[in-house]
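Listing of start-v8.tsv, TSV, C-alpha atoms and all ligand atoms
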```
chain	number	residue	atom	x	y	z
A	1	MET	CA	-131.82	0.37	60.81
A	2	ARG	CA	-133.26	0.71	64.29
A	3	LYS	CA	-133.36	-1.26	67.51
A	4	VAL	CA	-136.75	-2.78	68.29
A	5	SER	CA	-137.65	-4.53	71.56
A	6	VAL	CA	-138.57	-8.17	71.14
A	7	ASP	CA	-142.09	-7.51	72.48
A	8	ARG	CA	-142.64	-5.03	69.63
A	9	LEU	CA	-141.37	-7.25	66.81
A	10	LYS	CA	-143.85	-8.24	64.13
A	11	SER	CA	-143.87	-10.96	61.47
A	12	GLY	CA	-142.48	-9.67	58.20
A	13	MET	CA	-139.82	-7.42	59.75
A	14	LYS	CA	-136.32	-7.83	58.28
A	15	VAL	CA	-133.37	-8.49	60.59
A	16	GLY	CA	-130.81	-5.71	60.09
A	17	ARG	CA	-127.99	-7.21	62.13
A	18	SER	CA	-127.38	-10.88	62.85
A	19	VAL	CA	-128.54	-12.07	66.26
A	20	ILE	CA	-125.81	-14.17	67.79
A	21	ASN	CA	-125.89	-16.01	71.08
A	22	THR	CA	-123.08	-15.94	73.59
A	23	ASN	CA	-121.63	-19.14	72.12
A	24	GLY	CA	-120.97	-17.21	68.92
A	25	GLN	CA	-123.69	-19.13	67.06
A	26	ILE	CA	-125.97	-17.23	64.69
A	27	LEU	CA	-129.58	-17.46	65.88
A	28	LEU	CA	-130.97	-15.24	63.11
A	29	ALA	CA	-128.89	-14.08	60.19
A	30	HIS	CA	-128.85	-10.56	58.80
A	31	GLY	CA	-131.58	-10.21	56.13
A	32	ILE	CA	-133.92	-12.92	57.47
A	33	ILE	CA	-137.63	-12.07	57.57
A	34	LEU	CA	-139.13	-12.63	61.02
A	35	ASN	CA	-142.09	-14.90	61.66
A	36	GLU	CA	-144.03	-15.70	64.86
A	37	LYS	CA	-141.87	-18.74	65.58
A	38	PHE	CA	-138.63	-16.73	65.43
A	39	ILE	CA	-140.09	-13.98	67.62
A	40	LYS	CA	-141.23	-16.46	70.27
A	41	ARG	CA	-137.81	-18.09	70.26
A	42	LEU	CA	-136.05	-14.75	70.77
A	43	ALA	CA	-138.32	-13.97	73.72
A	44	HIS	CA	-137.73	-17.43	75.15
A	45	LEU	CA	-133.95	-16.93	74.98
A	46	GLY	CA	-134.21	-13.59	76.79
A	47	ILE	CA	-132.84	-11.58	73.84
A	48	PRO	CA	-134.12	-8.07	74.68
A	49	ALA	CA	-134.05	-6.41	71.24
A	50	VAL	CA	-133.12	-6.85	67.60
A	51	TYR	CA	-131.83	-4.40	64.99
A	52	ILE	CA	-134.47	-4.19	62.23
A	53	ASP	CA	-134.07	-2.89	58.71
A	54	ASP	CA	-137.50	-1.86	57.43
A	55	GLY	CA	-136.56	0.65	54.78
A	56	PHE	CA	-137.70	3.48	57.03
A	57	LEU	CA	-134.67	5.41	58.27
A	58	SER	CA	-132.62	3.19	55.97
A	59	ASP	CA	-129.95	5.88	55.82
A	60	ILE	CA	-129.15	5.17	59.45
A	61	GLN	CA	-126.46	2.56	59.71
A	62	VAL	CA	-125.34	1.34	63.10
A	63	GLU	CA	-121.73	0.23	62.85
A	64	ASP	CA	-119.92	-1.87	65.43
A	65	VAL	CA	-116.34	-0.88	66.24
A	66	VAL	CA	-115.11	-4.39	65.34
A	67	SER	CA	-116.43	-6.94	62.85
A	68	GLU	CA	-119.10	-9.40	63.95
A	69	ARG	CA	-116.77	-12.29	63.16
A	70	THR	CA	-113.95	-10.97	65.35
A	71	ARG	CA	-116.26	-10.20	68.26
A	72	TYR	CA	-117.89	-13.63	68.26
A	73	GLN	CA	-114.69	-15.54	67.68
A	74	ALA	CA	-113.26	-13.85	70.77
A	75	ILE	CA	-116.41	-14.80	72.73
A	76	GLU	CA	-116.21	-18.41	71.62
A	77	LEU	CA	-112.53	-18.76	72.52
A	78	THR	CA	-112.98	-17.08	75.92
A	79	LYS	CA	-115.85	-19.43	76.67
A	80	LYS	CA	-113.67	-22.38	75.73
A	81	VAL	CA	-111.01	-21.35	78.26
A	82	PHE	CA	-113.67	-21.24	81.01
A	83	GLN	CA	-115.26	-24.54	79.93
A	84	ASP	CA	-112.01	-26.45	79.57
A	85	PHE	CA	-111.03	-25.36	83.05
A	86	GLN	CA	-114.21	-26.94	84.44
A	87	TYR	CA	-113.12	-30.33	83.06
A	88	THR	CA	-109.35	-30.25	83.28
A	89	ARG	CA	-108.76	-27.82	86.18
A	90	SER	CA	-106.04	-26.21	84.10
A	91	LEU	CA	-105.89	-23.17	81.87
A	92	THR	CA	-105.65	-24.10	78.20
A	93	GLY	CA	-106.34	-22.26	74.96
A	94	LEU	CA	-104.79	-18.98	76.10
A	95	GLU	CA	-102.70	-18.73	72.89
A	96	LYS	CA	-105.91	-18.78	70.83
A	97	VAL	CA	-107.37	-16.00	72.98
A	98	GLU	CA	-104.08	-14.09	72.46
A	99	ASN	CA	-104.53	-14.39	68.68
A	100	ALA	CA	-108.19	-13.31	68.82
A	101	VAL	CA	-107.21	-10.32	70.99
A	102	GLY	CA	-104.48	-9.43	68.45
A	103	VAL	CA	-107.07	-9.32	65.63
A	104	LEU	CA	-109.42	-7.28	67.79
A	105	ILE	CA	-106.71	-4.70	68.61
A	106	LYS	CA	-105.72	-4.43	64.96
A	107	GLU	CA	-109.33	-3.74	63.91
A	108	LEU	CA	-109.69	-1.10	66.61
A	109	LEU	CA	-106.39	0.58	65.62
A	110	ASP	CA	-107.54	0.61	61.98
A	111	ASN	CA	-110.92	2.16	62.89
A	112	ASP	CA	-110.59	5.90	62.43
A	113	THR	CA	-113.72	7.05	64.25
A	114	LEU	CA	-113.75	4.71	67.28
A	115	MET	CA	-117.17	5.72	68.50
A	116	VAL	CA	-119.19	3.19	70.46
A	117	ASN	CA	-122.69	3.49	69.05
A	118	LEU	CA	-123.91	-0.02	69.39
A	119	VAL	CA	-125.31	-1.56	72.49
A	120	ASP	CA	-124.21	-5.17	72.37
A	121	ILE	CA	-127.49	-7.06	72.62
A	122	ARG	CA	-127.23	-10.36	74.38
A	123	GLY	CA	-129.41	-12.88	76.11
A	124	LEU	CA	-129.35	-13.49	79.83
A	125	ASP	CA	-127.70	-16.88	79.46
A	126	GLU	CA	-123.96	-17.03	79.92
A	127	TYR	CA	-123.61	-13.29	80.42
A	128	THR	CA	-119.93	-13.57	81.35
A	129	PHE	CA	-118.43	-14.26	77.91
A	130	GLY	CA	-120.10	-11.48	75.92
A	131	HIS	CA	-119.33	-9.17	78.84
A	132	SER	CA	-115.64	-10.18	78.91
A	133	VAL	CA	-115.17	-9.39	75.23
A	134	ASN	CA	-117.12	-6.15	75.36
A	135	THR	CA	-115.13	-5.03	78.40
A	136	CYS	CA	-111.96	-5.83	76.46
A	137	ILE	CA	-113.11	-3.79	73.43
A	138	LEU	CA	-114.08	-0.78	75.57
A	139	ALA	CA	-110.80	-0.98	77.52
A	140	VAL	CA	-108.70	-1.06	74.33
A	141	ILE	CA	-110.58	1.94	72.88
A	142	THR	CA	-109.88	3.90	76.07
A	143	ALA	CA	-106.21	2.94	76.05
A	144	ILE	CA	-105.80	3.85	72.36
A	145	HIS	CA	-107.04	7.32	73.31
A	146	MET	CA	-104.46	7.40	76.11
A	147	GLY	CA	-101.68	6.72	73.62
A	148	TYR	CA	-100.81	3.10	74.52
A	149	ASN	CA	-98.58	1.28	72.06
A	150	GLU	CA	-99.56	-2.08	70.59
A	151	LYS	CA	-97.57	-4.13	73.11
A	152	LYS	CA	-99.19	-2.35	76.06
A	153	LEU	CA	-102.63	-2.66	74.43
A	154	HIS	CA	-102.10	-6.39	74.17
A	155	LEU	CA	-101.21	-6.78	77.85
A	156	LEU	CA	-104.22	-4.69	78.84
A	157	ALA	CA	-106.56	-6.59	76.51
A	158	MET	CA	-105.52	-9.99	77.89
A	159	GLY	CA	-106.17	-8.78	81.43
A	160	ALA	CA	-109.52	-7.32	80.32
A	161	ILE	CA	-110.80	-10.38	78.48
A	162	LEU	CA	-109.97	-12.66	81.43
A	163	HIS	CA	-110.74	-10.19	84.24
A	164	ASP	CA	-113.62	-12.32	85.53
A	165	LEU	CA	-111.90	-15.69	85.11
A	166	GLY	CA	-112.18	-16.29	88.86
A	167	LYS	CA	-115.96	-16.57	88.46
A	168	ILE	CA	-115.27	-20.16	87.33
A	169	LEU	CA	-114.91	-20.98	91.02
A	170	VAL	CA	-118.01	-19.11	92.21
A	171	PRO	CA	-121.18	-21.26	92.44
A	172	GLN	CA	-123.59	-20.62	89.54
A	173	GLU	CA	-126.58	-20.22	91.86
A	174	ILE	CA	-124.89	-17.22	93.49
A	175	LEU	CA	-123.63	-15.72	90.20
A	176	ASN	CA	-127.08	-15.98	88.57
A	177	LYS	CA	-129.23	-15.24	91.60
A	178	PRO	CA	-132.17	-13.11	90.41
A	179	GLY	CA	-132.69	-11.25	93.70
A	180	LYS	CA	-130.52	-9.23	96.04
A	181	LEU	CA	-127.44	-11.03	97.35
A	182	THR	CA	-127.05	-11.62	101.07
A	183	ASP	CA	-123.88	-10.29	102.72
A	184	GLU	CA	-122.46	-13.83	102.80
A	185	GLU	CA	-123.21	-14.36	99.10
A	186	PHE	CA	-121.58	-11.05	98.20
A	187	GLU	CA	-118.46	-12.13	100.13
A	188	VAL	CA	-118.36	-15.27	97.95
A	189	ILE	CA	-118.71	-13.18	94.74
A	190	LYS	CA	-115.84	-10.98	95.90
A	191	THR	CA	-113.49	-13.94	95.95
A	192	HIS	CA	-113.49	-14.06	92.14
A	193	SER	CA	-110.87	-11.28	91.93
A	194	GLU	CA	-108.25	-13.17	93.91
A	195	PHE	CA	-109.19	-16.55	92.39
A	196	GLY	CA	-108.72	-15.09	88.92
A	197	TYR	CA	-105.37	-13.56	89.85
A	198	ARG	CA	-104.09	-16.83	91.33
A	199	LEU	CA	-105.17	-18.89	88.32
A	200	LEU	CA	-103.56	-16.49	85.85
A	201	SER	CA	-100.38	-15.83	87.80
A	202	ALA	CA	-99.78	-19.57	88.21
A	203	ASN	CA	-99.37	-19.68	84.44
A	204	LYS	CA	-95.74	-18.70	83.76
A	205	ASP	CA	-96.49	-17.55	80.20
A	206	PHE	CA	-99.12	-15.09	81.36
A	207	ASN	CA	-97.80	-11.58	82.03
A	208	SER	CA	-98.09	-10.48	85.67
A	209	ILE	CA	-99.45	-7.03	84.70
A	210	SER	CA	-102.36	-8.70	82.90
A	211	SER	CA	-103.13	-10.92	85.90
A	212	THR	CA	-103.07	-7.87	88.19
A	213	VAL	CA	-106.17	-6.65	86.31
A	214	ALA	CA	-108.11	-9.72	87.48
A	215	TRP	CA	-107.08	-8.93	91.06
A	216	GLN	CA	-107.72	-5.18	91.02
A	217	HIS	CA	-110.63	-4.50	88.65
A	218	HIS	CA	-113.04	-3.95	91.56
A	219	GLU	CA	-110.67	-1.64	93.45
A	220	ARG	CA	-111.82	1.99	93.49
A	221	TYR	CA	-109.93	5.31	93.58
A	222	ASN	CA	-111.37	6.31	96.98
A	223	GLY	CA	-110.49	2.97	98.57
A	224	SER	CA	-114.08	1.67	98.63
A	225	GLY	CA	-113.44	-1.32	96.36
A	226	TYR	CA	-112.30	-4.89	96.95
A	227	PRO	CA	-110.51	-7.21	97.65
A	228	GLN	CA	-107.73	-5.11	99.20
A	229	GLY	CA	-109.39	-1.68	99.49
A	230	LEU	CA	-106.48	-0.07	97.61
A	231	ALA	CA	-106.76	3.64	96.84
A	232	GLY	CA	-105.42	6.24	94.35
A	233	ASN	CA	-102.28	5.37	92.47
A	234	ARG	CA	-101.77	2.13	94.40
A	235	ILE	CA	-104.22	0.77	91.82
A	236	HIS	CA	-102.64	0.00	88.44
A	237	GLU	CA	-103.86	2.17	85.53
A	238	PHE	CA	-104.86	-1.00	83.62
A	239	SER	CA	-107.21	-1.88	86.47
A	240	PHE	CA	-108.92	1.52	86.31
A	241	ILE	CA	-109.37	1.19	82.54
A	242	VAL	CA	-110.88	-2.27	82.84
A	243	GLY	CA	-112.92	-1.17	85.88
A	244	VAL	CA	-114.61	1.65	83.94
A	245	ALA	CA	-115.27	-0.59	80.92
A	246	ASP	CA	-116.59	-3.36	83.20
A	247	VAL	CA	-119.02	-1.02	85.00
A	248	TYR	CA	-120.29	0.60	81.79
A	249	ASP	CA	-120.92	-2.73	80.08
A	250	ALA	CA	-122.64	-4.17	83.15
A	251	LEU	CA	-124.90	-1.09	83.45
A	252	THR	CA	-126.02	-1.25	79.80
A	253	ALA	CA	-126.87	-4.98	79.80
A	254	ASP	CA	-129.99	-6.75	81.07
A	255	ARG	CA	-129.13	-8.76	84.16
A	256	VAL	CA	-131.10	-11.44	85.94
A	257	TYR	CA	-131.81	-9.00	88.77
A	258	ARG	CA	-132.53	-5.77	86.78
A	259	LYS	CA	-133.17	-4.30	83.32
A	260	ALA	CA	-130.42	-2.54	81.39
A	261	HIS	CA	-129.82	1.17	81.90
A	262	PRO	CA	-130.09	3.13	78.63
A	263	PRO	CA	-126.70	4.40	77.37
A	264	HIS	CA	-127.35	8.04	78.36
A	265	GLU	CA	-128.01	6.99	81.97
A	266	ALA	CA	-124.87	4.84	82.10
A	267	PHE	CA	-122.93	7.76	80.56
A	268	GLU	CA	-124.21	10.11	83.25
A	269	MET	CA	-123.47	7.66	86.05
A	270	LEU	CA	-119.86	7.32	84.90
A	271	SER	CA	-119.41	11.05	84.29
A	272	GLY	CA	-119.20	11.72	88.02
A	273	THR	CA	-116.70	8.99	88.88
A	274	GLY	CA	-113.40	10.71	87.92
A	275	ASP	CA	-110.97	10.85	90.89
A	276	TYR	CA	-113.77	9.41	93.00
A	277	LEU	CA	-114.21	5.80	91.89
A	278	PHE	CA	-111.76	5.78	88.99
A	279	ASP	CA	-108.80	7.82	87.81
A	280	TYR	CA	-110.08	11.06	86.23
A	281	GLU	CA	-107.97	10.78	83.05
A	282	VAL	CA	-109.24	7.24	82.45
A	283	VAL	CA	-112.90	8.27	82.81
A	284	LYS	CA	-112.31	11.22	80.48
A	285	ALA	CA	-110.67	9.01	77.84
A	286	PHE	CA	-113.47	6.46	78.09
A	287	LEU	CA	-116.31	8.97	77.74
A	288	TYR	CA	-114.61	10.57	74.72
A	289	HIS	CA	-115.52	7.52	72.63
A	290	VAL	CA	-118.85	6.35	74.03
A	291	ALA	CA	-122.02	7.89	72.65
A	292	ALA	CA	-124.54	8.95	75.28
A	293	TYR	CA	-127.18	8.84	72.51
A	294	PRO	CA	-126.22	6.03	70.11
A	295	VAL	CA	-127.10	6.26	66.41
A	296	GLY	CA	-130.80	5.48	65.94
A	297	SER	CA	-131.86	6.95	69.34
A	298	LEU	CA	-134.95	9.18	69.27
A	299	VAL	CA	-134.42	12.37	71.23
A	300	ARG	CA	-136.41	15.43	72.24
A	301	LEU	CA	-134.71	18.84	72.19
A	302	ASN	CA	-135.15	21.81	74.53
A	303	ASN	CA	-137.13	23.62	71.77
A	304	ARG	CA	-139.58	20.63	71.59
A	305	GLN	CA	-138.27	19.33	68.26
A	306	THR	CA	-137.86	15.54	68.01
A	307	GLY	CA	-135.14	13.87	65.99
A	308	VAL	CA	-133.27	10.67	65.42
A	309	VAL	CA	-129.51	10.43	65.98
A	310	LEU	CA	-127.63	10.09	62.68
A	311	GLU	CA	-124.01	10.37	63.74
A	312	ASN	CA	-121.78	10.74	66.79
A	313	ARG	CA	-118.22	12.04	66.81
A	314	PRO	CA	-115.47	11.26	69.33
A	315	GLY	CA	-115.15	14.04	71.87
A	316	TYR	CA	-118.75	15.24	71.43
A	317	PRO	CA	-120.70	12.40	73.05
A	318	LEU	CA	-123.61	14.67	74.05
A	319	ARG	CA	-123.89	16.60	70.78
A	320	PRO	CA	-124.73	14.26	67.89
A	321	LYS	CA	-125.93	15.08	64.41
A	322	LEU	CA	-129.71	14.56	64.16
A	323	LYS	CA	-132.43	14.22	61.58
A	324	ILE	CA	-135.41	16.29	62.72
A	325	LEU	CA	-138.69	14.36	62.37
A	326	PHE	CA	-141.09	16.55	64.40
A	327	ASN	CA	-141.12	20.32	64.51
A	328	VAL	CA	-141.55	22.62	67.54
A	329	GLN	CA	-145.35	22.18	67.37
A	330	ASP	CA	-144.80	18.42	67.54
A	331	GLU	CA	-146.03	17.98	63.97
A	332	PRO	CA	-144.20	15.62	61.60
A	333	GLU	CA	-141.70	17.29	59.28
A	334	LEU	CA	-142.68	16.35	55.73
A	335	ASN	CA	-139.09	16.96	54.69
A	336	PRO	CA	-136.91	15.83	57.58
A	337	TYR	CA	-133.68	17.81	57.74
A	338	GLU	CA	-130.33	17.45	59.46
A	339	LEU	CA	-129.43	19.40	62.58
A	340	ASP	CA	-125.90	19.20	63.94
A	341	LEU	CA	-125.89	19.85	67.69
A	342	GLY	CA	-122.10	20.23	67.42
A	343	VAL	CA	-122.59	23.63	65.75
A	344	HIS	CA	-125.85	24.65	67.46
A	345	PRO	CA	-124.90	25.25	71.10
A	346	ASN	CA	-128.35	26.64	71.95
A	347	PHE	CA	-130.05	23.31	71.32
A	348	SER	CA	-129.67	20.42	73.71
A	349	ILE	CA	-131.19	17.00	74.26
A	350	ILE	CA	-133.55	16.88	77.20
A	351	ASN	CA	-135.13	13.48	76.79
A	352	VAL	CA	-134.81	10.09	75.10
A	353	ILE	CA	-138.04	8.71	73.66
A	354	GLU	CA	-139.08	5.07	73.76
A	355	GLU	CA	-138.15	3.59	70.42
A	356	ASP	CA	-141.31	2.78	68.45
A	357	ASP	CA	-144.13	5.02	69.67
A	358	VAL	CA	-142.98	8.19	67.98
A	359	LEU	CA	-141.80	6.47	64.82
A	360	ASP	CA	-145.18	4.78	64.38
A	361	VAL	CA	-146.94	8.13	64.74
A	362	TYR	CA	-144.51	9.68	62.26
A	363	LYS	CA	-144.91	6.92	59.69
A	364	LYS	CA	-148.72	7.02	59.95
A	365	LYS	CA	-148.90	10.80	59.56
A	366	ILE	CA	-146.47	10.88	56.67
A	367	CYS	CA	-148.32	8.11	54.82
A	368	THR	CA	-151.82	9.62	55.19
B	401	FE	FE	-115.47	-8.82	88.25
```

Starting from the coordinates I provided, produce the structure as structure tokens.
Amino acid sequence: MRKVSVDRLKSGMKVGRSVINTNGQILLAHGIILNEKFIKRLAHLGIPAVYIDDGFLSDIQVEDVVSERTRYQAIELTKKVFQDFQYTRSLTGLEKVENAVGVLIKELLDNDTLMVNLVDIRGLDEYTFGHSVNTCILAVITAIHMGYNEKKLHLLAMGAILHDLGKILVPQEILNKPGKLTDEEFEVIKTHSEFGYRLLSANKDFNSISSTVAWQHHERYNGSGYPQGLAGNRIHEFSFIVGVADVYDALTADRVYRKAHPPHEAFEMLSGTGDYLFDYEVVKAFLYHVAAYPVGSLVRLNNRQTGVVLENRPGYPLRPKLKILFNVQDEPELNPYELDLGVHPNFSIINVIEEDDVLDVYKKKICT
């Protein structure tokens, strides 16, 4: 299975992983064969890429950390909370989100590798809901690493999944503005932290630690954040965890105003933020479980070999296990073999190669 940009999809390709919109509806089910109509529709919806299963590299399986059903149920229920608020001006459906979060935590606790290898592909429409759930998943993974018990995980997860609730009260034209925000518009965006906190803390059944996350998730260790400009340990640990997850997920997604950063760039950007923008221990825990080079990435090594990432292990995010496809002379390996960077310290990844170009060359050379 490999990720292919929508502009490189061709009729006849088989969908390797269901494409689901932010409402939780399946647009294209796993196993469907693409045709021109489907491809045009994906492009129209702003879906950037699709996982394709074409038999080539079929031994590469890209696993999500939670099941598709759990992820999309959580998205659907979060969206419902936001939508119902628009009509009723009150928060309803929080118990259902609590249940969905409980299932999500259980799946993450039962997952024994906990390595984030999958970039959650989503369209540009209704970015907030997919982002809320992904932020929640990344936050829980970080907190599991930090030894949180189930009760604490639950409080954190509720704060994470609703951290941007206050965006309900920010005008859509500002939230989805394609260009750079003016200073005044940015001031309006900033109000979402306090709005979210007020809405959640007005609900007596909602734990105050979880609502603090909505208030503080844009605060930064060095005091440069908002709304209060808090610094160091005046910021709750939950808020740092959600802050790191929030930033990573935002960096790796296409936004109306910029393209997504590839995972290795987002990894590098976060690597330098310990005790600067976020608490060091939180950043360390987060990066332990997020692959800089997700499974299926094509990478070039310092000795000029080219390979595809087969496996990542927690704690070794920069040293995956590879399958070598091109040798040091840049010729295709007729018998690709495995190379584990975890036990070969002299080899390192120096470059990530655009998905299809190299694979097409490899396939052509091997078949002729
Ligand atoms: Fe936010």

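From CA of Asp59 in chain A back to CA of Pro294 in chain A, the distance works out to 14.8 Å.
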
With all atoms listed in the file as the basis for distance, which of A:Val50, A:Ala245, A:Leu287, A:Val308 is at the shortest distance from Asn134 in chain A?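 The shortest atom-to-atom distance to Asn134 in chain A comes from A:Ala245.
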
Long-range neighbours of range 343-356 of chain A as a ChimeraX atom specification, 10 Å cut-off, only C-alpha atoms, 6 positions minimum in chain: /A:2-5,8,262,264,293,296-308,318-321,362

Show me which residues line ligand FE 401 (chain B), defined as having an atom within 7 Å of a ligand atom where all atoms listed in the file count, and present them as a PDB file with C-alpha atoms, in the coordinates of the input.
```
ATOM      1  CA  HIS A 163    -110.740 -10.190  84.240  1.00  0.00           C
ATOM      2  CA  ASP A 164    -113.620 -12.320  85.530  1.00  0.00           C
ATOM      3  CA  HIS A 192    -113.490 -14.060  92.140  1.00  0.00           C
ATOM      4  CA  SER A 193    -110.870 -11.280  91.930  1.00  0.00           C
ATOM      5  CA  HIS A 217    -110.630  -4.500  88.650  1.00  0.00           C
ATOM      6  CA  HIS A 218    -113.040  -3.950  91.560  1.00  0.00           C
TER       7      HIS A 218
END
```

Counting only C-alpha atoms, the option among A:Gly272, A:Gly225, A:Gly12, A:Gly55 closest to Phe38 in chain A: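 Checking each candidate against Phe38 in chain A, we get A:Gly12 as the closest.
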
Using all atoms listed in the file, pick whichever of A:His154, A:His145, A:Arg258, A:Lys284 has the shortest atom-to-atom distance to Leu270 in chain A.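 Comparing A:His154, A:His145, A:Arg258, A:Lys284 against Leu270 in chain A, the winner is A:Lys284.
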
Using all atoms listed in the file, determine which residues lie at most 8 Å from Glu98 in chain A, disregarding the query and same-chain residues fewer than 4 positions distant; provide the list as a short mmCIF file (atom, residue, chain, number, x, y, z; two decimals) with C-alpha atoms, keeping the file's coordinate frame.
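To be explicit, this is the file written out as out.cif:
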```cif
data_model
loop_
_atom_site.label_atom_id
_atom_site.label_comp_id
_atom_site.auth_asym_id
_atom_site.auth_seq_id
_atom_site.Cartn_x
_atom_site.Cartn_y
_atom_site.Cartn_z
CA LEU A 94 -104.79 -18.98 76.10
CA GLY A 102 -104.48 -9.43 68.45
CA MET A 158 -105.52 -9.99 77.89
#
```

Write out as a ChimeraX atom specification each polymer residue whose atoms come within 12 Å of Gly274 in chain A, counting only C-alpha atoms; drop sequence neighbours fewer than 3 positions from it. /A:220-222,232,240-241,244,268-271,277-287

Rounded to one decimal, what separation in Å do you get between CA of Glu219 in chain A and CA of Thr191 in chain A?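 Result for CA of Glu219 in chain A versus CA of Thr191 in chain A: 12.9 Å, one decimal.
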
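Going from CA of Gly159 in chain A over to CA of Thr273 in chain A, you cover 22.0 Å.
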
Find the spatial neighbours of Phe129 in chain A, counting all atoms listed in the file, within a cut-off of 10 Å - ignore same-chain residues fewer than 6 positions away - and output them as number ranges by chain. A: 22-24, 72, 74-80, 82, 135, 161-162, 164-165

Might you pull out every residue within 12 Å of Gly31 in chain A, with all atoms listed in the file counted and same-chain residues fewer than 3 positions away left off, and present them as a PDB file with C-alpha atoms, in the coordinates of the input?
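Result file is out-v2.pdb:
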```
ATOM      1  CA  MET A   1    -131.820   0.370  60.810  1.00  0.00           C
ATOM      2  CA  GLY A  12    -142.480  -9.670  58.200  1.00  0.00           C
ATOM      3  CA  MET A  13    -139.820  -7.420  59.750  1.00  0.00           C
ATOM      4  CA  LYS A  14    -136.320  -7.830  58.280  1.00  0.00           C
ATOM      5  CA  VAL A  15    -133.370  -8.490  60.590  1.00  0.00           C
ATOM      6  CA  GLY A  16    -130.810  -5.710  60.090  1.00  0.00           C
ATOM      7  CA  ARG A  17    -127.990  -7.210  62.130  1.00  0.00           C
ATOM      8  CA  SER A  18    -127.380 -10.880  62.850  1.00  0.00           C
ATOM      9  CA  VAL A  19    -128.540 -12.070  66.260  1.00  0.00           C
ATOM     10  CA  LEU A  28    -130.970 -15.240  63.110  1.00  0.00           C
ATOM     11  CA  LEU A  34    -139.130 -12.630  61.020  1.00  0.00           C
ATOM     12  CA  TYR A  51    -131.830  -4.400  64.990  1.00  0.00           C
ATOM     13  CA  ILE A  52    -134.470  -4.190  62.230  1.00  0.00           C
ATOM     14  CA  ASP A  53    -134.070  -2.890  58.710  1.00  0.00           C
ATOM     15  CA  ASP A  54    -137.500  -1.860  57.430  1.00  0.00           C
TER      16      ASP A  54
END
```

Please write out, as AutoDock Vina command-line options, where the centre of an axis-aligned box around all listed atoms of range 7-18 of chain A lies and how long its edges are, in Å to one decimal, after adding 8 Å on each side.
```
--center_x -135.6 --center_y -8.0 --center_z 65.3 --size_x 32.5 --size_y 21.9 --size_z 30.3
```

Around the point (-110.4, -4.4, 75.4) (coordinates from the file), which residues reach within 12 Å if we count all atoms listed in the file? Answer as a PyMOL selection string. chain A and resi 65-66+71+74+98+100-109+131-144+152-163+210+213+238-239+241-246+249+286

Restricting the calculation to all atoms listed in the file, which member of A:Ile60, A:Ala266, A:Ala253, A:Leu91 is positioned closest to Pro48 in chain A?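 Under the stated criterion, the closest residue is A:Ala253.
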